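S.K.: For reference, the file final.cif (mmCIF, C-alpha atoms and all ligand atoms) is included below:
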```cif
data_model
#
loop_
_atom_site.label_atom_id
_atom_site.label_comp_id
_atom_site.auth_asym_id
_atom_site.auth_seq_id
_atom_site.Cartn_x
_atom_site.Cartn_y
_atom_site.Cartn_z
CA MET A 27 111.99 126.54 82.92
CA THR A 28 109.99 123.84 84.71
CA THR A 29 111.47 121.63 87.38
CA GLN A 30 110.69 117.95 87.58
CA LEU A 31 108.28 117.15 90.42
CA ASP A 32 109.51 114.61 92.97
CA VAL A 33 106.27 112.60 92.93
CA ALA A 34 107.06 110.39 95.94
CA ALA A 35 108.04 113.39 98.07
CA TYR A 36 104.95 115.35 97.08
CA ALA A 37 102.77 112.27 97.69
CA ALA A 38 104.29 111.92 101.16
CA SER A 39 103.43 115.55 101.88
CA LEU A 40 99.77 114.78 101.12
CA VAL A 41 99.39 111.33 102.69
CA ASN A 42 100.70 110.00 105.96
CA TRP A 43 101.48 106.48 104.75
CA SER A 44 102.01 105.14 108.24
CA GLU A 45 98.26 105.48 108.80
CA LEU A 46 97.35 103.25 105.87
CA GLY A 47 99.36 100.12 106.72
CA HIS A 48 96.20 98.03 107.16
CA VAL A 49 94.50 98.81 103.83
CA TYR A 50 93.95 95.92 101.42
CA VAL A 51 92.59 95.89 97.90
CA PHE A 52 91.34 92.97 95.85
CA GLY A 53 92.15 93.79 92.27
CA ASN A 54 92.09 92.23 88.83
CA GLY A 55 91.36 94.08 85.59
CA LYS A 56 88.71 91.47 84.86
CA GLY A 57 85.24 91.20 86.39
CA GLY A 58 83.71 88.04 87.80
CA VAL A 59 86.87 86.75 89.47
CA GLY A 60 85.72 87.02 93.09
CA LYS A 61 86.85 90.48 94.16
CA THR A 62 83.54 91.45 95.74
CA THR A 63 82.86 88.03 97.24
CA LEU A 64 86.32 87.90 98.82
CA THR A 65 86.12 91.48 100.09
CA CYS A 66 82.78 90.91 101.80
CA ASN A 67 83.42 87.45 103.19
CA ILE A 68 86.93 88.14 104.44
CA GLY A 69 85.72 91.46 105.86
CA GLY A 70 82.83 89.66 107.54
CA LEU A 71 85.09 87.00 109.04
CA ALA A 72 87.58 89.57 110.31
CA ALA A 73 84.77 91.53 111.95
CA LEU A 74 83.42 88.34 113.48
CA ASP A 75 86.88 87.76 114.94
CA GLY A 76 86.66 91.15 116.63
CA LEU A 77 88.64 93.31 114.21
CA ARG A 78 87.09 96.69 113.57
CA THR A 79 86.68 96.44 109.81
CA LEU A 80 85.76 98.84 107.02
CA ILE A 81 84.75 97.83 103.50
CA ILE A 82 84.88 100.45 100.74
CA ASP A 83 82.87 99.56 97.64
CA LEU A 84 84.25 101.44 94.62
CA ASN A 85 81.97 99.64 92.15
CA VAL A 86 79.27 101.25 90.06
CA GLN A 87 77.37 97.95 90.25
CA GLY A 88 77.56 97.93 94.04
CA ASN A 89 77.51 94.12 94.33
CA ALA A 90 78.65 94.35 97.92
CA ALA A 91 75.06 95.36 98.68
CA GLU A 92 73.96 91.92 97.52
CA ASP A 93 76.61 90.03 99.45
CA LEU A 94 75.95 92.00 102.62
CA GLY A 95 72.19 92.18 102.13
CA TYR A 96 71.46 95.91 102.03
CA VAL A 97 70.05 96.26 98.50
CA ASP A 98 67.20 98.80 98.43
CA THR A 99 67.58 99.68 102.11
CA ALA A 100 68.43 103.11 103.52
CA ILE A 101 72.07 102.01 103.65
CA ASP A 102 72.18 101.66 99.86
CA ASP A 103 72.93 105.28 98.92
CA GLN A 104 74.19 104.27 95.44
CA GLY A 105 77.56 105.80 96.24
CA GLN A 106 76.25 109.25 97.21
CA GLY A 107 78.35 109.43 100.38
CA LEU A 108 81.51 108.41 98.58
CA LEU A 109 80.83 110.83 95.71
CA THR A 110 80.29 113.69 98.16
CA ALA A 111 83.50 112.85 100.01
CA PHE A 112 85.42 112.90 96.71
CA THR A 113 83.74 116.11 95.56
CA LEU A 114 84.41 118.03 98.76
CA GLN A 115 87.61 116.11 99.63
CA GLN A 116 86.25 115.48 103.09
CA PRO A 117 86.70 112.40 105.31
CA LEU A 118 84.66 109.30 104.44
CA LYS A 119 81.53 108.76 106.51
CA PRO A 120 80.95 105.01 106.64
CA VAL A 121 77.63 103.42 107.50
CA ARG A 122 78.19 101.92 110.91
CA ASP A 123 77.65 98.36 112.06
CA ILE A 124 76.28 96.65 109.03
CA ARG A 125 77.40 93.66 111.08
CA PRO A 126 78.99 93.89 114.52
CA ASN A 127 82.44 95.51 113.99
CA LEU A 128 81.80 95.93 110.25
CA ASP A 129 81.24 99.33 108.60
CA ILE A 130 80.67 100.01 104.92
CA VAL A 131 81.12 102.82 102.43
CA PRO A 132 78.56 101.79 99.80
CA GLY A 133 79.15 101.96 96.07
CA GLY A 134 76.61 102.29 93.28
CA LYS A 135 75.68 104.10 90.13
CA LEU A 136 76.54 107.61 91.36
CA LEU A 137 80.20 106.58 91.32
CA ARG A 138 80.09 107.02 87.54
CA ARG A 139 80.54 110.71 88.32
CA VAL A 140 83.73 110.27 90.34
CA PRO A 141 86.19 110.42 87.41
CA GLY A 142 84.48 113.66 86.29
CA VAL A 143 84.78 115.15 89.76
CA ILE A 144 88.44 114.22 90.04
CA GLY A 145 89.14 115.24 86.47
CA ALA A 146 92.29 114.67 84.51
CA PRO A 147 94.62 117.43 85.63
CA THR A 148 97.66 118.18 83.54
CA ARG A 149 99.73 119.92 86.21
CA ALA A 150 101.98 117.40 87.92
CA THR A 151 101.06 118.41 91.48
CA GLU A 152 97.33 118.26 90.74
CA ARG A 153 97.76 114.87 89.14
CA VAL A 154 99.33 113.51 92.35
CA GLU A 155 96.51 115.07 94.38
CA ALA A 156 93.96 113.43 92.08
CA VAL A 157 95.29 109.88 92.15
CA LEU A 158 95.72 110.04 95.91
CA SER A 159 92.23 111.37 96.53
CA LEU A 160 90.89 108.13 98.02
CA ALA A 161 93.93 107.84 100.27
CA ARG A 162 93.32 111.40 101.43
CA ILE A 163 89.64 110.98 102.32
CA LEU A 164 90.31 107.61 103.96
CA GLN A 165 93.30 108.68 106.03
CA PRO A 166 91.43 110.77 108.64
CA ILE A 167 89.24 107.78 109.61
CA ALA A 168 91.66 104.90 108.93
CA GLY A 169 92.82 104.87 112.54
CA GLU A 170 89.33 103.88 113.69
CA TYR A 171 89.84 100.48 112.05
CA ASP A 172 92.05 97.43 112.41
CA LEU A 173 91.40 96.50 108.80
CA VAL A 174 90.23 98.32 105.67
CA LEU A 175 89.26 96.36 102.54
CA ILE A 176 88.68 98.01 99.18
CA ASP A 177 86.59 96.30 96.53
CA ALA A 178 88.11 97.69 93.33
CA PRO A 179 86.16 97.77 90.10
CA PRO A 180 87.43 96.02 86.99
CA GLU A 181 87.75 97.70 83.61
CA ASN A 182 87.78 101.12 85.19
CA GLU A 183 91.28 102.47 85.18
CA HIS A 184 90.41 105.62 87.13
CA MET A 185 88.82 103.84 90.05
CA MET A 186 91.48 101.13 90.06
CA GLN A 187 94.15 103.81 90.36
CA LEU A 188 92.34 105.43 93.27
CA ALA A 189 92.20 102.05 95.02
CA LEU A 190 95.88 101.38 94.37
CA GLY A 191 96.68 104.88 95.54
CA ALA A 192 95.26 104.05 98.98
CA ALA A 193 96.20 100.40 99.49
CA ARG A 194 99.19 98.85 101.19
CA PHE A 195 98.45 95.23 100.26
CA VAL A 196 97.17 94.09 96.88
CA ALA A 197 95.64 90.62 96.53
CA VAL A 198 94.70 89.32 93.11
CA PRO A 199 91.83 86.89 92.70
CA VAL A 200 91.82 84.92 89.45
CA LYS A 201 89.52 82.34 87.96
CA SER A 202 90.86 79.54 85.84
CA ASP A 203 89.75 81.14 82.54
CA LYS A 204 92.47 82.53 80.33
CA SER A 205 91.09 86.05 80.27
CA SER A 206 91.22 86.61 84.03
CA ARG A 207 94.67 84.96 84.19
CA LYS A 208 96.13 86.99 81.35
CA LYS A 209 94.28 90.14 80.28
CA GLY A 210 92.98 90.89 83.75
CA LEU A 211 96.42 90.42 85.31
CA GLN A 212 98.06 92.47 82.58
CA ALA A 213 95.71 95.39 83.21
CA LEU A 214 96.35 95.19 86.94
CA ALA A 215 100.11 94.92 86.43
CA THR A 216 100.13 98.10 84.32
CA ASP A 217 98.16 100.07 86.93
CA TYR A 218 100.21 98.58 89.76
CA GLN A 219 103.51 99.61 88.19
CA ALA A 220 102.23 103.09 87.39
CA MET A 221 100.80 103.63 90.87
CA ARG A 222 103.96 102.54 92.68
CA GLU A 223 105.41 105.90 91.75
CA TYR A 224 102.67 107.56 93.82
CA ASN A 225 102.30 104.89 96.49
CA PRO A 226 105.80 103.45 96.98
CA TYR A 227 104.83 101.23 99.94
CA MET A 228 102.23 99.14 98.13
CA VAL A 229 103.06 95.41 97.93
CA LEU A 230 101.58 92.47 96.07
CA VAL A 231 100.55 89.75 98.52
CA GLY A 232 99.67 87.06 96.02
CA VAL A 233 97.20 85.47 93.68
CA ILE A 234 94.08 83.74 94.98
CA LEU A 235 92.36 81.06 92.92
CA PHE A 236 88.62 81.64 93.05
CA ALA A 237 85.75 79.28 92.24
CA THR A 238 88.08 76.61 91.03
CA GLY A 239 86.95 73.03 90.52
CA SER A 240 89.46 71.36 92.77
CA GLN A 241 93.10 71.42 93.78
CA ALA A 242 93.62 70.90 90.02
CA THR A 243 97.37 70.82 89.66
CA ALA A 244 97.06 71.56 85.95
CA ILE A 245 95.19 74.81 86.64
CA ARG A 246 97.63 75.88 89.32
CA THR A 247 100.49 75.27 86.88
CA LYS A 248 98.78 77.37 84.21
CA VAL A 249 98.07 80.17 86.68
CA ARG A 250 101.63 80.05 87.96
CA ASN A 251 103.01 80.28 84.40
CA ASP A 252 100.73 83.17 83.49
CA VAL A 253 101.45 85.05 86.69
CA THR A 254 105.18 84.62 86.19
CA GLU A 255 104.92 85.76 82.60
CA THR A 256 102.59 88.71 83.26
CA LEU A 257 103.85 89.92 86.62
CA GLY A 258 107.42 88.73 86.26
CA GLY A 259 107.03 86.14 89.02
CA ALA A 260 106.36 88.94 91.46
CA ALA A 261 103.43 87.30 93.24
CA PRO A 262 103.08 83.91 94.92
CA ILE A 263 99.97 81.81 94.42
CA PHE A 264 98.08 81.12 97.62
CA ASP A 265 98.18 77.53 98.90
CA ASN A 266 94.50 77.78 99.74
CA PHE A 267 91.70 78.59 97.31
CA ILE A 268 87.93 79.11 97.16
CA ARG A 269 86.20 76.10 95.67
CA HIS A 270 83.58 76.35 92.95
CA ALA A 271 80.09 76.22 94.50
CA GLU A 272 77.34 77.65 92.37
CA ALA A 273 74.50 76.88 94.80
CA VAL A 274 76.29 78.62 97.65
CA ALA A 275 76.97 81.68 95.47
CA VAL A 276 73.32 81.90 94.44
CA ASP A 277 71.99 81.45 97.99
CA ALA A 278 74.44 84.02 99.33
CA ARG A 279 73.35 86.81 97.00
CA GLU A 280 69.66 85.90 97.05
CA ARG A 281 69.59 85.96 100.84
CA GLY A 282 72.11 88.77 101.31
CA GLN A 283 74.16 86.59 103.62
CA LEU A 284 77.86 85.92 103.90
CA VAL A 285 78.94 82.32 103.50
CA TYR A 286 79.53 81.71 107.21
CA GLU A 287 76.03 83.05 107.85
CA LEU A 288 74.65 80.62 105.25
CA GLU A 289 76.48 77.85 107.04
CA ALA A 290 74.65 78.75 110.23
CA ALA A 291 71.35 78.96 108.33
CA ALA A 292 71.97 75.54 106.75
CA SER A 293 72.14 73.98 110.19
CA GLN A 294 68.50 75.09 110.58
CA ASN A 295 67.41 73.46 107.31
CA PRO A 296 64.08 71.61 107.55
CA GLU A 297 64.42 67.83 107.41
CA PHE A 298 64.66 66.37 103.96
CA TRP A 299 61.53 64.22 104.44
CA LYS A 300 59.45 67.25 105.46
CA VAL A 301 60.40 69.08 102.26
CA ARG A 302 59.61 65.94 100.22
CA ALA A 303 56.25 65.60 101.92
CA GLY A 304 55.44 69.25 101.28
CA LEU A 305 55.47 69.97 105.02
CA ALA A 306 58.32 72.46 104.74
CA ASP A 307 59.14 75.19 102.24
CA ALA A 308 61.84 74.03 99.79
CA SER A 309 62.93 77.63 99.20
CA GLN A 310 64.07 77.75 102.84
CA VAL A 311 66.67 75.06 102.23
CA VAL A 312 70.21 76.46 102.17
CA ALA A 313 73.07 74.78 100.28
CA ARG A 314 74.87 72.43 102.67
CA THR A 315 78.17 72.94 100.84
CA SER A 316 78.18 76.39 102.48
CA SER A 317 80.03 74.78 105.34
CA SER A 318 83.02 73.72 103.18
CA VAL A 319 83.04 77.04 101.30
CA SER A 320 82.91 78.89 104.61
CA GLU A 321 86.03 76.97 105.67
CA ASP A 322 87.69 77.97 102.37
CA PHE A 323 87.13 81.66 103.14
CA ALA A 324 88.48 81.18 106.65
CA VAL A 325 91.71 79.52 105.48
CA VAL A 326 92.20 81.97 102.60
CA ALA A 327 91.69 84.87 105.04
CA ARG A 328 94.23 83.36 107.43
CA GLU A 329 96.73 82.90 104.60
CA LEU A 330 96.16 86.47 103.39
CA PHE A 331 96.83 88.03 106.80
CA SER A 332 99.73 85.74 107.52
CA ARG A 333 101.42 86.49 104.18
CA ALA A 334 100.77 90.22 104.61
CA GLY A 335 102.13 90.08 108.15
CA GLY A 336 105.27 88.31 106.90
CA LEU A 337 105.78 90.93 104.19
CA GLN A 338 105.29 93.70 106.71
CA GLN A 339 107.98 92.21 108.98
CA GLU A 340 110.38 91.94 106.03
CA LEU A 341 109.74 95.52 104.97
CA ILE A 342 110.11 96.83 108.50
CA ALA A 343 113.41 94.92 108.79
CA GLY A 344 114.49 96.41 105.45
CA GLY A 345 113.57 99.91 106.62
CA ILE A 346 110.94 100.31 103.90
CA TRP A 347 107.79 100.49 105.97
CA PRO A 348 106.61 104.02 106.72
N1 LIG B 1 82.43 79.67 95.44
C1 LIG B 1 81.89 80.13 94.30
N2 LIG B 1 81.77 79.34 93.21
C2 LIG B 1 81.26 79.81 92.05
N3 LIG B 1 80.79 81.05 91.88
C3 LIG B 1 80.88 81.90 92.93
C4 LIG B 1 81.41 81.48 94.18
N4 LIG B 1 81.33 82.53 95.03
C5 LIG B 1 80.78 83.54 94.34
N5 LIG B 1 80.50 83.17 93.07
C6 LIG B 1 79.89 83.98 92.01
O1 LIG B 1 80.90 84.40 91.10
C7 LIG B 1 80.51 85.61 90.48
C8 LIG B 1 81.65 86.60 90.47
O2 LIG B 1 81.98 86.96 91.80
P1 LIG B 1 82.25 88.47 92.22
O3 LIG B 1 82.77 88.42 93.61
O4 LIG B 1 81.06 89.32 91.96
O5 LIG B 1 83.42 88.86 91.22
P2 LIG B 1 84.02 90.32 90.88
O6 LIG B 1 83.78 91.20 92.05
O7 LIG B 1 85.48 90.07 90.63
O8 LIG B 1 83.32 90.80 89.65
C9 LIG B 1 79.28 86.10 91.22
O9 LIG B 1 78.15 85.83 90.47
C10 LIG B 1 79.29 85.29 92.49
O10 LIG B 1 77.98 85.09 93.00
MG MG B 2 82.70 93.02 91.98
#
```
What does the file become when written as structure tokens?

M.R.:
Amino acid sequence: MTTQLDVAAYAASLVNWSELGHVYVFGNGKGGVGKTTLTCNIGGLAALDGLRTLIIDLNVQGNAAEDLGYVDTAIDDQGQGLLTAFTLQQPLKPVRDIRPNLDIVPGGKLLRRVPGVIGAPTRATERVEAVLSLARILQPIAGEYDLVLIDAPPENEHMMQLALGAARFVAVPVKSDKSSRKKGLQALATDYQAMREYNPYMVLVGVILFATGSQATAIRTKVRNDVTETLGGAAPIFDNFIRHAEAVAVDARERGQLVYELEAAASQNPEFWKVRAGLADASQVVARTSSSVSEDFAVVARELFSRAGGLQQELIAGGIWP
């Protein structure tokens, strides 16, 4: 006779949830909705504000390297460090000070091997151990940080589950296209529901509109309807959003700079007449809209932490915060 495993109790014997109360994940089952951009820019702003911040890049593509500017440097280990930590189940070893107060666990192509390393155990206890493996290698170092942000990969159920197995707060970026509003949300909702059995303290903070044309009431209404339909109204839509700004996005990844860094660079732009007269290099000119987009990230970050803080207070009051 087999006895039913109490998953939550076994999970709590493996993970000390009280040490992971500051772990956030940006998730949506669809790519291209702003997960990486939000992770890096909000992480960068938090670090700038003095919070000791860790970013974990779980993506095979490793786009965080572009946003943070470490492509093809010694930092860019293609996910080797993370893969080793998973393989040996040993504490993560972040790369220190990629910016002041900001550490990174890089992603990359070696992460393709992670699902193989973790496997697909059939025994119930081993299954719990597997889905909580990121939580378990993060936990020993989580206390070194005020904030941990996980950039979760889309269309990769395994890695998404690992992220949701370690996170306390889930924020969902969406673009205005139907696919990210519907299919992407649906995929996330399925993983979220499944993972709550393992990680009972995880909460949905809300939905963040990314790269949207304007305040566009019509789009907000559509997003609200889709979110209500797909997630059962479980997540509010943020009041603030990240505006669409192609030039800023291109400059950011080409230069490997965060948007607030671009804003600072734009203030050093050569005069317009010098560029026209061929006296200054046009490629040195940085998009001036970086200043408004930088403000968008700042207000979205503020809203994220204020909503999460509010939820935390409610949960503490309700006795459901570990
Ligand atoms: N404000 C913006 N407006 C338009 N496009 C943006 C903006 N910020 C970033 N992008 C671009 O949007 C694309 C998707 O963003 P990304 O963060 O990589 O999404 P995800 O991580 O969800 O796949 C990238 O090419 C990025 O450069
Ligand atoms: Mg990404």

S.K.: Could you give me, as a list in words, the residues within 6 Å of region 87-100 of chain A, counting all atoms listed in the file and dropping anything in the same chain fewer than 4 positions from it?

M.R.: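 Those residues are Gly133, Gly134, Arg279, Gly282 and Gln283 of chain A.
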
S.K.: Find the residues near ligand LIG 1 (chain B). Use a cut-off of 10 Å, count only C-alpha atoms and all ligand atoms, and write them as a count of residues only.

M.R.: 58

S.K.: Kindly give the distance, in Å, that separates CA of Asn42 (chain A) and CA of Arg153 (chain A), rounded to a single decimal.

M.R.: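 If I compute the distance from CA of Asn42 (chain A) to CA of Arg153 (chain A), I get 17.8 Å.
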
S.K.: Residues at most 10 Å from region 126-131 of chain A, counting all atoms listed in the file, excluding those fewer than 3 positions away in the same chain, as an mmCIF file with C-alpha atoms, in the frame of the given file?

M.R.:
```cif
data_model
loop_
_atom_site.group_PDB
_atom_site.id
_atom_site.type_symbol
_atom_site.label_atom_id
_atom_site.label_comp_id
_atom_site.auth_asym_id
_atom_site.auth_seq_id
_atom_site.Cartn_x
_atom_site.Cartn_y
_atom_site.Cartn_z
ATOM 1 C CA CYS A 66 82.780 90.910 101.800
ATOM 2 C CA GLY A 69 85.720 91.460 105.860
ATOM 3 C CA GLY A 70 82.830 89.660 107.540
ATOM 4 C CA LEU A 71 85.090 87.000 109.040
ATOM 5 C CA ALA A 72 87.580 89.570 110.310
ATOM 6 C CA ALA A 73 84.770 91.530 111.950
ATOM 7 C CA LEU A 74 83.420 88.340 113.480
ATOM 8 C CA ASP A 75 86.880 87.760 114.940
ATOM 9 C CA GLY A 76 86.660 91.150 116.630
ATOM 10 C CA LEU A 77 88.640 93.310 114.210
ATOM 11 C CA ARG A 78 87.090 96.690 113.570
ATOM 12 C CA THR A 79 86.680 96.440 109.810
ATOM 13 C CA LEU A 80 85.760 98.840 107.020
ATOM 14 C CA ILE A 81 84.750 97.830 103.500
ATOM 15 C CA ILE A 82 84.880 100.450 100.740
ATOM 16 C CA ASP A 83 82.870 99.560 97.640
ATOM 17 C CA LEU A 84 84.250 101.440 94.620
ATOM 18 C CA ALA A 90 78.650 94.350 97.920
ATOM 19 C CA ALA A 91 75.060 95.360 98.680
ATOM 20 C CA LEU A 94 75.950 92.000 102.620
ATOM 21 C CA ILE A 101 72.070 102.010 103.650
ATOM 22 C CA ASP A 102 72.180 101.660 99.860
ATOM 23 C CA ASP A 103 72.930 105.280 98.920
ATOM 24 C CA GLN A 104 74.190 104.270 95.440
ATOM 25 C CA GLY A 105 77.560 105.800 96.240
ATOM 26 C CA GLN A 106 76.250 109.250 97.210
ATOM 27 C CA GLY A 107 78.350 109.430 100.380
ATOM 28 C CA LEU A 108 81.510 108.410 98.580
ATOM 29 C CA LEU A 118 84.660 109.300 104.440
ATOM 30 C CA LYS A 119 81.530 108.760 106.510
ATOM 31 C CA PRO A 120 80.950 105.010 106.640
ATOM 32 C CA VAL A 121 77.630 103.420 107.500
ATOM 33 C CA ARG A 122 78.190 101.920 110.910
ATOM 34 C CA ASP A 123 77.650 98.360 112.060
ATOM 35 C CA TYR A 171 89.840 100.480 112.050
ATOM 36 C CA ASP A 172 92.050 97.430 112.410
ATOM 37 C CA LEU A 173 91.400 96.500 108.800
ATOM 38 C CA VAL A 174 90.230 98.320 105.670
ATOM 39 C CA LEU A 175 89.260 96.360 102.540
ATOM 40 C CA ILE A 176 88.680 98.010 99.180
#
```

S.K.: Go ahead and compute the interatomic distance for CA of Ser44 (chain A) and CA of Gly232 (chain A), in Å to one decimal.

M.R.: 21.9 Å

S.K.: Please indicate the distance in Å from CA of Gln116 (chain A) to CA of Tyr50 (chain A), rounded to one decimal place.

M.R.: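 Atom-to-atom, CA of Gln116 (chain A) and CA of Tyr50 (chain A) are spaced 21.1 Å apart.
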
S.K.: Of the candidates A:Gln30, A:Asn225, A:Ser202, A:Asn182, which one gets nearest to ligand MG 2 (chain B) if we count only C-alpha atoms and all ligand atoms?

M.R.: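 Closest to ligand MG 2 (chain B) of all the choices is A:Asn182.
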
S.K.: Starting from the point (89.3, 114.8, 88.8), work out which residues of protein, DNA or RNA have an atom no more than 10 Å away when counting only C-alpha atoms; state them as a PyMOL selection string.

M.R.: chain A and resi 112-113+139-147+152-153+155-157+159+184

S.K.: Output as AutoDock Vina command-line options the centre and edge lengths (Å, one decimal) of the box along x, y and z of the file that holds every listed atom of region 160-167 of chain A after adding 3 Å on each side.

M.R.:
```
--center_x 91.6 --center_y 109.5 --center_z 103.8 --size_x 10.7 --size_y 9.8 --size_z 17.6
```

S.K.: Considering all atoms listed in the file, can you say which of A:Thr29, A:Leu190, A:Glu181, A:Arg281 comes closest to ligand MG 2 (chain B)?

M.R.: A:Glu181

S.K.: So that I can see what lies close to Ser293 (chain A), please list as a list in words the residues with an atom at most 9 Å from it, counting all atoms listed in the file and leaving out residues fewer than 5 positions away in the same chain.

M.R.: Leu288, Val312 and Arg314 of chain A

S.K.: If we count all atoms listed in the file and set the cut-off at 7 Å, which residues sit around Ala189 (chain A), ignoring sequence neighbours fewer than 3 positions away in its own chain? Please answer as a list in words.

M.R.: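 Result of the neighbour search: Val51, Leu160, Ile176, Ala178, Met185, Met186, Ala192 and Ala193 of chain A.
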
S.K.: Could you write out the selected residues, including C-alpha atoms, as an mmCIF file, in the coordinates of the input?

M.R.:
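Generated output (part-v9.cif):
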```cif
data_model
loop_
_atom_site.group_PDB
_atom_site.id
_atom_site.type_symbol
_atom_site.label_atom_id
_atom_site.label_comp_id
_atom_site.auth_asym_id
_atom_site.auth_seq_id
_atom_site.Cartn_x
_atom_site.Cartn_y
_atom_site.Cartn_z
ATOM 1 C CA VAL A 51 92.590 95.890 97.900
ATOM 2 C CA LEU A 160 90.890 108.130 98.020
ATOM 3 C CA ILE A 176 88.680 98.010 99.180
ATOM 4 C CA ALA A 178 88.110 97.690 93.330
ATOM 5 C CA MET A 185 88.820 103.840 90.050
ATOM 6 C CA MET A 186 91.480 101.130 90.060
ATOM 7 C CA ALA A 192 95.260 104.050 98.980
ATOM 8 C CA ALA A 193 96.200 100.400 99.490
#
```

S.K.: Need a file for region 220-265 of chain A from that block: C-alpha atoms, written as a CSV table (one decimal), in the first residue's frame.

M.R.:
```csv
chain,number,residue,atom,x,y,z
A,220,ALA,CA,0.1,23.5,-10.6
A,221,MET,CA,3.0,25.1,-8.7
A,222,ARG,CA,0.9,26.5,-5.9
A,223,GLU,CA,0.8,22.9,-4.5
A,224,TYR,CA,4.5,23.0,-4.1
A,225,ASN,CA,5.0,26.7,-3.3
A,226,PRO,CA,1.8,27.6,-1.3
A,227,TYR,CA,3.0,31.2,-0.5
A,228,MET,CA,3.4,32.4,-4.1
A,229,VAL,CA,1.1,35.3,-5.0
A,230,LEU,CA,0.2,37.1,-8.2
A,231,VAL,CA,1.0,40.8,-8.0
A,232,GLY,CA,-0.5,41.9,-11.3
A,233,VAL,CA,-0.3,42.4,-15.0
A,234,ILE,CA,2.1,45.0,-16.5
A,235,LEU,CA,1.4,46.4,-19.9
A,236,PHE,CA,4.6,46.5,-21.9
A,237,ALA,CA,5.5,48.5,-25.0
A,238,THR,CA,2.0,49.8,-25.4
A,239,GLY,CA,1.2,52.8,-27.6
A,240,SER,CA,-0.4,55.0,-25.1
A,241,GLN,CA,-2.8,54.9,-22.1
A,242,ALA,CA,-5.1,53.3,-24.7
A,243,THR,CA,-8.3,52.7,-22.8
A,244,ALA,CA,-9.4,50.2,-25.4
A,245,ILE,CA,-6.3,48.1,-24.9
A,246,ARG,CA,-6.6,48.2,-21.1
A,247,THR,CA,-10.2,47.1,-21.4
A,248,LYS,CA,-9.2,44.2,-23.6
A,249,VAL,CA,-6.4,43.2,-21.3
A,250,ARG,CA,-8.6,43.4,-18.3
A,251,ASN,CA,-11.3,41.2,-20.0
A,252,ASP,CA,-8.7,38.6,-21.0
A,253,VAL,CA,-7.0,38.5,-17.6
A,254,THR,CA,-10.4,38.1,-15.9
A,255,GLU,CA,-11.3,35.4,-18.3
A,256,THR,CA,-8.0,33.5,-18.2
A,257,LEU,CA,-6.9,34.0,-14.6
A,258,GLY,CA,-10.4,34.4,-13.1
A,259,GLY,CA,-9.9,38.0,-12.2
A,260,ALA,CA,-7.1,37.0,-9.9
A,261,ALA,CA,-4.6,39.7,-10.9
A,262,PRO,CA,-5.0,43.5,-11.1
A,263,ILE,CA,-3.6,45.5,-14.0
A,264,PHE,CA,-1.0,48.0,-13.1
A,265,ASP,CA,-1.9,51.6,-13.3
```
